[in-house]
Amino acid sequence: MAGHAAENHGPMAQFEIKRLVPMELFGYDISFTNSALFMVLALVLASGFLIFAMNGRSLVPSRMQSIAESLYEFVAGIVRENLGEEGMRYFPWVFSIFIFILAVNMLGMIPGSFTVTSHIIVTFALALMVWVTVTLIGFARHGVGYLKLFVPDGVPIWLMPLIVPIEIVSYLIRPISLAVRLFANMMAGHTMLKVFASFAVSLPVVAKAFPVLFTAAFTGLEFLVSFLQAFIFTVLTCIYLNDAVNMHH
Amino acid sequence: MDPQAAKFIGAGLACFALIGAGIGIGNIFGNYLSGALRNPSAAPGQFTNLLIGFALAEATGLFGLLIALIILFG
(Lines give C-alpha, C1' and ligand atoms only; values in the text may rest on other atoms or scores of the structure.)
Protein backbone atom coordinates (compact mmCIF):
# COMPACT_ATOMS: atom_id res chain seq x y z
CA MET A 1 0.00 0.00 0.00
CA ALA A 2 2.87 2.37 0.69
CA GLY A 3 4.78 4.08 -2.03
CA HIS A 4 1.92 4.89 -4.39
CA ALA A 5 1.96 8.67 -4.45
CA ALA A 6 -1.03 8.95 -6.75
CA GLU A 7 -3.19 6.73 -4.54
CA ASN A 8 -6.37 7.92 -2.87
CA HIS A 9 -5.74 8.44 0.85
CA GLY A 10 -9.25 9.07 2.13
CA PRO A 11 -10.48 7.26 5.24
CA MET A 12 -12.27 4.70 3.05
CA ALA A 13 -9.25 3.90 0.86
CA GLN A 14 -8.11 1.20 3.30
CA PHE A 15 -11.18 -0.92 2.49
CA GLU A 16 -10.51 -1.00 -1.23
CA ILE A 17 -10.35 -4.46 -2.79
CA LYS A 18 -7.43 -4.90 -5.14
CA ARG A 19 -7.00 -7.72 -7.63
CA LEU A 20 -3.64 -9.34 -7.03
CA VAL A 21 -3.99 -12.28 -9.43
CA PRO A 22 -6.82 -11.63 -11.92
CA MET A 23 -8.75 -14.82 -12.69
CA GLU A 24 -12.02 -15.60 -14.38
CA LEU A 25 -14.15 -18.74 -14.35
CA PHE A 26 -17.31 -19.16 -16.45
CA GLY A 27 -17.68 -15.39 -16.68
CA TYR A 28 -17.36 -14.88 -12.91
CA ASP A 29 -14.57 -12.77 -11.49
CA ILE A 30 -12.74 -15.05 -9.06
CA SER A 31 -9.54 -12.99 -8.83
CA PHE A 32 -7.20 -13.56 -5.91
CA THR A 33 -7.63 -10.24 -4.06
CA ASN A 34 -5.96 -8.63 -1.07
CA SER A 35 -9.00 -9.76 0.93
CA ALA A 36 -8.38 -13.37 -0.08
CA LEU A 37 -4.68 -12.94 0.65
CA PHE A 38 -5.39 -11.85 4.22
CA MET A 39 -7.89 -14.67 4.73
CA VAL A 40 -5.28 -17.19 3.59
CA LEU A 41 -2.67 -15.47 5.75
CA ALA A 42 -4.95 -15.64 8.81
CA LEU A 43 -5.64 -19.31 8.13
CA VAL A 44 -1.97 -20.17 7.66
CA LEU A 45 -0.83 -18.16 10.70
CA ALA A 46 -3.57 -19.49 13.01
CA SER A 47 -3.24 -23.15 12.06
CA GLY A 48 0.56 -22.87 11.81
CA PHE A 49 0.72 -21.39 15.29
CA LEU A 50 -1.57 -24.00 16.82
CA ILE A 51 0.23 -26.91 15.14
CA PHE A 52 3.65 -25.54 16.05
CA ALA A 53 2.65 -24.70 19.64
CA MET A 54 1.13 -28.12 20.29
CA ASN A 55 4.00 -29.96 18.60
CA GLY A 56 5.71 -30.89 21.89
CA ARG A 57 2.54 -31.98 23.68
CA SER A 58 4.41 -31.94 26.93
CA LEU A 59 2.61 -32.41 30.23
CA VAL A 60 4.22 -29.23 31.57
CA PRO A 61 3.43 -26.82 28.75
CA SER A 62 6.01 -24.55 27.21
CA ARG A 63 5.21 -20.86 26.78
CA MET A 64 3.78 -21.36 23.28
CA GLN A 65 1.85 -24.42 24.30
CA SER A 66 0.22 -22.64 27.23
CA ILE A 67 -0.97 -19.86 24.90
CA ALA A 68 -2.58 -22.45 22.63
CA GLU A 69 -4.03 -24.26 25.64
CA SER A 70 -5.51 -21.13 27.14
CA LEU A 71 -7.10 -20.30 23.76
CA TYR A 72 -8.61 -23.78 23.77
CA GLU A 73 -9.80 -23.48 27.37
CA PHE A 74 -11.28 -20.04 26.69
CA VAL A 75 -13.48 -21.26 23.84
CA ALA A 76 -14.22 -24.55 25.60
CA GLY A 77 -15.45 -22.49 28.58
CA ILE A 78 -17.85 -20.54 26.36
CA VAL A 79 -19.18 -23.76 24.77
CA ARG A 80 -19.59 -25.55 28.13
CA GLU A 81 -21.29 -22.57 29.73
CA ASN A 82 -23.86 -22.21 26.94
CA LEU A 83 -24.32 -25.73 25.63
CA GLY A 84 -23.32 -27.99 28.49
CA GLU A 85 -20.93 -30.90 28.28
CA GLU A 86 -22.70 -32.63 25.37
CA GLY A 87 -22.30 -29.46 23.31
CA MET A 88 -18.58 -30.15 23.15
CA ARG A 89 -19.18 -32.14 19.96
CA TYR A 90 -19.69 -28.79 18.24
CA PHE A 91 -16.53 -27.40 19.80
CA PRO A 92 -14.23 -27.75 16.72
CA TRP A 93 -16.63 -25.69 14.61
CA VAL A 94 -17.02 -22.93 17.23
CA PHE A 95 -13.28 -22.90 17.85
CA SER A 96 -12.56 -22.50 14.12
CA ILE A 97 -14.99 -19.58 13.86
CA PHE A 98 -13.44 -17.86 16.86
CA ILE A 99 -9.85 -18.34 15.75
CA PHE A 100 -10.57 -17.26 12.17
CA ILE A 101 -12.36 -14.05 13.18
CA LEU A 102 -9.77 -13.27 15.84
CA ALA A 103 -6.93 -13.84 13.36
CA VAL A 104 -8.38 -11.66 10.59
CA ASN A 105 -9.31 -8.92 13.07
CA MET A 106 -5.84 -8.90 14.58
CA LEU A 107 -4.13 -8.99 11.18
CA GLY A 108 -6.28 -6.03 10.22
CA MET A 109 -4.86 -4.04 13.15
CA ILE A 110 -1.41 -3.99 11.53
CA PRO A 111 -1.08 -0.51 9.97
CA GLY A 112 -1.39 -0.66 6.20
CA SER A 113 -2.88 -4.14 6.18
CA PHE A 114 -6.39 -5.10 5.13
CA THR A 115 -9.25 -5.96 7.48
CA VAL A 116 -11.22 -8.80 5.92
CA THR A 117 -14.12 -8.43 8.37
CA SER A 118 -14.65 -4.77 7.36
CA HIS A 119 -16.55 -6.03 4.31
CA ILE A 120 -20.15 -6.96 4.98
CA ILE A 121 -20.16 -9.71 2.38
CA VAL A 122 -17.45 -11.58 4.33
CA THR A 123 -19.18 -11.23 7.71
CA PHE A 124 -22.55 -12.01 6.11
CA ALA A 125 -21.16 -15.19 4.59
CA LEU A 126 -19.83 -16.20 8.03
CA ALA A 127 -23.12 -15.32 9.74
CA LEU A 128 -25.19 -17.11 7.13
CA MET A 129 -22.97 -20.19 7.50
CA VAL A 130 -23.64 -20.12 11.26
CA TRP A 131 -27.37 -19.56 10.81
CA VAL A 132 -27.86 -22.27 8.17
CA THR A 133 -25.80 -24.78 10.17
CA VAL A 134 -27.72 -24.04 13.37
CA THR A 135 -31.08 -24.32 11.59
CA LEU A 136 -30.05 -27.62 9.99
CA ILE A 137 -28.88 -28.98 13.36
CA GLY A 138 -32.18 -27.90 14.91
CA PHE A 139 -34.26 -29.66 12.28
CA ALA A 140 -32.00 -32.72 12.32
CA ARG A 141 -32.33 -33.12 16.09
CA HIS A 142 -35.98 -32.20 16.63
CA GLY A 143 -37.55 -32.65 13.22
CA VAL A 144 -40.65 -30.50 12.69
CA GLY A 145 -40.72 -30.01 16.47
CA TYR A 146 -37.99 -27.41 16.02
CA LEU A 147 -40.75 -25.02 14.89
CA LYS A 148 -41.92 -25.00 18.54
CA LEU A 149 -39.04 -22.57 19.04
CA PHE A 150 -41.40 -19.92 17.68
CA VAL A 151 -44.10 -20.74 20.25
CA PRO A 152 -42.75 -19.80 23.68
CA ASP A 153 -44.12 -21.52 26.79
CA GLY A 154 -46.46 -19.75 29.18
CA VAL A 155 -47.76 -17.19 26.71
CA PRO A 156 -51.57 -16.78 26.70
CA ILE A 157 -53.17 -18.11 23.53
CA TRP A 158 -54.67 -14.75 22.50
CA LEU A 159 -51.14 -13.27 22.37
CA MET A 160 -49.93 -15.96 19.97
CA PRO A 161 -50.82 -14.12 16.72
CA LEU A 162 -48.54 -11.34 17.96
CA ILE A 163 -45.73 -13.34 19.56
CA VAL A 164 -45.21 -15.96 16.85
CA PRO A 165 -44.53 -13.49 14.00
CA ILE A 166 -42.17 -11.55 16.29
CA GLU A 167 -40.30 -14.75 17.14
CA ILE A 168 -40.08 -15.72 13.46
CA VAL A 169 -38.79 -12.29 12.44
CA SER A 170 -36.26 -12.25 15.27
CA TYR A 171 -35.06 -15.67 14.14
CA LEU A 172 -34.79 -14.62 10.50
CA ILE A 173 -32.93 -11.41 11.37
CA ARG A 174 -30.21 -13.27 13.27
CA PRO A 175 -27.74 -13.63 10.37
CA ILE A 176 -28.17 -9.96 9.49
CA SER A 177 -27.59 -8.69 13.02
CA LEU A 178 -24.65 -11.06 13.48
CA ALA A 179 -23.07 -9.85 10.23
CA VAL A 180 -23.79 -6.15 10.69
CA ARG A 181 -22.41 -6.10 14.23
CA LEU A 182 -19.02 -7.48 13.25
CA PHE A 183 -18.81 -5.52 10.01
CA ALA A 184 -19.91 -2.14 11.42
CA ASN A 185 -17.65 -2.39 14.45
CA MET A 186 -14.57 -3.18 12.40
CA MET A 187 -15.34 -0.69 9.65
CA ALA A 188 -16.34 2.18 11.94
CA GLY A 189 -13.30 1.66 14.17
CA HIS A 190 -10.81 1.59 11.32
CA THR A 191 -12.44 4.60 9.63
CA MET A 192 -12.29 6.56 12.89
CA LEU A 193 -8.59 5.77 13.32
CA LYS A 194 -7.90 6.96 9.76
CA VAL A 195 -9.94 10.16 10.22
CA PHE A 196 -8.16 11.08 13.44
CA ALA A 197 -4.78 10.19 11.98
CA SER A 198 -5.48 12.56 9.08
CA PHE A 199 -6.04 15.41 11.59
CA ALA A 200 -2.35 15.11 12.45
CA VAL A 201 -1.60 16.27 8.92
CA SER A 202 -4.12 19.10 8.71
CA LEU A 203 -3.73 20.64 12.20
CA PRO A 204 -1.09 23.32 13.01
CA VAL A 205 2.20 22.12 14.49
CA VAL A 206 1.29 22.97 18.11
CA ALA A 207 -1.75 20.72 18.07
CA LYS A 208 -0.30 17.81 16.09
CA ALA A 209 0.46 15.78 19.22
CA PHE A 210 -3.21 15.42 20.22
CA PRO A 211 -4.46 13.39 17.24
CA VAL A 212 -1.32 11.25 17.40
CA LEU A 213 -1.88 10.43 21.07
CA PHE A 214 -5.58 9.94 20.46
CA THR A 215 -4.88 7.56 17.59
CA ALA A 216 -2.41 5.61 19.74
CA ALA A 217 -4.95 5.30 22.56
CA PHE A 218 -7.73 4.31 20.21
CA THR A 219 -5.55 1.72 18.51
CA GLY A 220 -5.45 0.05 21.92
CA LEU A 221 -9.23 0.27 22.13
CA GLU A 222 -9.52 -1.17 18.64
CA PHE A 223 -7.49 -4.20 19.72
CA LEU A 224 -10.02 -4.68 22.52
CA VAL A 225 -12.92 -4.28 20.06
CA SER A 226 -11.29 -6.75 17.64
CA PHE A 227 -11.10 -9.35 20.38
CA LEU A 228 -14.52 -8.50 21.80
CA GLN A 229 -16.26 -8.83 18.45
CA ALA A 230 -14.67 -12.23 17.82
CA PHE A 231 -15.78 -13.23 21.33
CA ILE A 232 -19.34 -11.93 20.89
CA PHE A 233 -19.69 -13.64 17.52
CA THR A 234 -18.63 -16.89 19.20
CA VAL A 235 -20.93 -16.45 22.21
CA LEU A 236 -23.93 -15.69 19.99
CA THR A 237 -23.10 -18.69 17.82
CA CYS A 238 -23.18 -20.81 21.00
CA ILE A 239 -26.49 -19.27 22.11
CA TYR A 240 -28.11 -19.95 18.74
CA LEU A 241 -26.66 -23.44 18.82
CA ASN A 242 -28.13 -23.93 22.29
CA ASP A 243 -31.58 -23.02 20.93
CA ALA A 244 -31.17 -25.71 18.30
CA VAL A 245 -29.63 -28.39 20.51
CA ASN A 246 -31.50 -28.07 23.81
CA MET A 247 -34.55 -26.05 22.74
CA HIS A 248 -35.75 -24.96 26.17
CA HIS A 249 -37.06 -21.50 25.79
CA MET B 1 -32.83 21.17 -2.45
CA ASP B 2 -29.72 19.84 -4.07
CA PRO B 3 -30.06 16.02 -4.09
CA GLN B 4 -26.43 15.69 -2.97
CA ALA B 5 -27.14 17.88 0.08
CA ALA B 6 -30.29 15.91 0.87
CA LYS B 7 -28.24 12.73 0.72
CA PHE B 8 -25.73 14.00 3.26
CA ILE B 9 -28.48 15.30 5.56
CA GLY B 10 -30.16 11.92 5.35
CA ALA B 11 -26.95 10.12 6.23
CA GLY B 12 -26.50 12.44 9.20
CA LEU B 13 -30.06 11.81 10.36
CA ALA B 14 -29.55 8.04 10.08
CA CYS B 15 -26.64 8.34 12.52
CA PHE B 16 -29.15 9.44 15.19
CA ALA B 17 -29.75 5.73 15.75
CA LEU B 18 -26.45 5.71 17.60
CA ILE B 19 -27.99 7.89 20.35
CA GLY B 20 -30.07 4.92 21.36
CA ALA B 21 -27.06 2.62 21.21
CA GLY B 22 -25.14 5.01 23.46
CA ILE B 23 -27.95 5.15 26.02
CA GLY B 24 -28.39 1.39 25.90
CA ILE B 25 -24.71 0.56 26.30
CA GLY B 26 -24.36 3.12 29.09
CA ASN B 27 -27.36 1.60 30.87
CA ILE B 28 -25.98 -1.93 30.61
CA PHE B 29 -22.50 -1.11 31.86
CA GLY B 30 -23.79 1.27 34.53
CA ASN B 31 -26.20 -1.28 35.91
CA TYR B 32 -23.60 -4.02 35.74
CA LEU B 33 -21.15 -1.86 37.67
CA SER B 34 -23.67 -0.93 40.36
CA GLY B 35 -24.66 -4.56 40.69
CA ALA B 36 -21.03 -5.65 40.77
CA LEU B 37 -20.22 -3.16 43.54
CA ARG B 38 -23.12 -4.44 45.63
CA ASN B 39 -22.18 -8.07 45.18
CA PRO B 40 -18.66 -8.37 43.77
CA SER B 41 -18.55 -12.16 44.14
CA ALA B 42 -21.46 -12.62 41.71
CA ALA B 43 -20.02 -10.21 39.12
CA PRO B 44 -17.71 -12.50 37.10
CA GLY B 45 -20.56 -14.97 36.50
CA GLN B 46 -22.56 -12.27 34.75
CA PHE B 47 -19.74 -11.03 32.54
CA THR B 48 -20.89 -13.04 29.51
CA ASN B 49 -24.44 -11.73 29.94
CA LEU B 50 -22.99 -8.23 30.11
CA LEU B 51 -21.22 -8.66 26.79
CA ILE B 52 -24.29 -10.20 25.16
CA GLY B 53 -26.41 -7.28 26.32
CA PHE B 54 -23.77 -4.90 25.07
CA ALA B 55 -23.70 -6.61 21.68
CA LEU B 56 -27.48 -6.63 21.32
CA ALA B 57 -27.80 -2.96 22.31
CA GLU B 58 -24.99 -1.95 20.00
CA ALA B 59 -26.41 -3.82 17.01
CA THR B 60 -29.58 -1.73 16.96
CA GLY B 61 -27.55 1.46 16.71
CA LEU B 62 -25.27 -0.03 14.08
CA PHE B 63 -28.28 -0.75 11.85
CA GLY B 64 -28.74 3.03 11.69
CA LEU B 65 -25.07 3.54 10.90
CA LEU B 66 -25.43 0.94 8.16
CA ILE B 67 -28.30 2.94 6.63
CA ALA B 68 -26.04 6.02 6.68
CA LEU B 69 -23.30 4.08 4.89
CA ILE B 70 -25.75 2.74 2.30
CA ILE B 71 -26.98 6.30 1.66
CA LEU B 72 -23.44 7.63 1.32
CA PHE B 73 -21.78 4.83 -0.64
CA GLY B 74 -24.61 2.64 -1.92
# chains A, B, ... in the order shown; residues from 1 in each chain; ligands from 1
>>> closest_atom_pairs(of="chain A", to="chain B", cutoff="9 Å", atoms="only C-alpha atoms", output="tab-separated table")
residue	atom	partner	partner_atom	distance
A:Ile78	CA	B:Thr48	CA	8.7
A:Ser177	CA	B:Ala59	CA	6.4
A:Leu178	CA	B:Ala59	CA	8.2
A:Val180	CA	B:Phe63	CA	7.1
A:Arg181	CA	B:Ala59	CA	5.4
A:Ala184	CA	B:Leu62	CA	6.4
A:Asn185	CA	B:Leu62	CA	8.0
A:Ala188	CA	B:Leu65	CA	8.9
A:Leu228	CA	B:Leu51	CA	8.4
A:Gln229	CA	B:Ala55	CA	8.4
A:Phe231	CA	B:Leu51	CA	9.0
A:Ile232	CA	B:Ile52	CA	6.8
A:Val235	CA	B:Ile52	CA	7.7
A:Leu236	CA	B:Ile52	CA	7.5
>>> residues_around(residues="Arg174 of chain A", least_positions_apart="4", cutoff="9 Å", atoms="only C-alpha atoms", output="list in words")
Ala127, Leu128, Trp131, Val169, Ser170, Leu178, Ala179 and Tyr240 of chain A
>>> select_by_dssp(residues="segment 6-231 of chain A", states="alpha helix (DSSP H)", output="VMD selection string")
chain A and resid 34 to 53 63 to 83 91 to 108 120 to 142 160 to 172 174 to 202 209 to 231
>>> select_by_dssp(residues="segment 2-56 of chain A", states="strand (DSSP E or B)", output="number ranges by chain")
A: 19-21, 24-25, 28-29, 32-33
>>> residues_around(residues="Thr33 of chain A", least_positions_apart="3", cutoff="10 Å", atoms="only C-alpha atoms", output="list in words")
Ile17, Lys18, Arg19, Leu20, Val21, Pro22, Met23, Ile30, Ala36, Leu37, Phe38 and Met39 of chain A
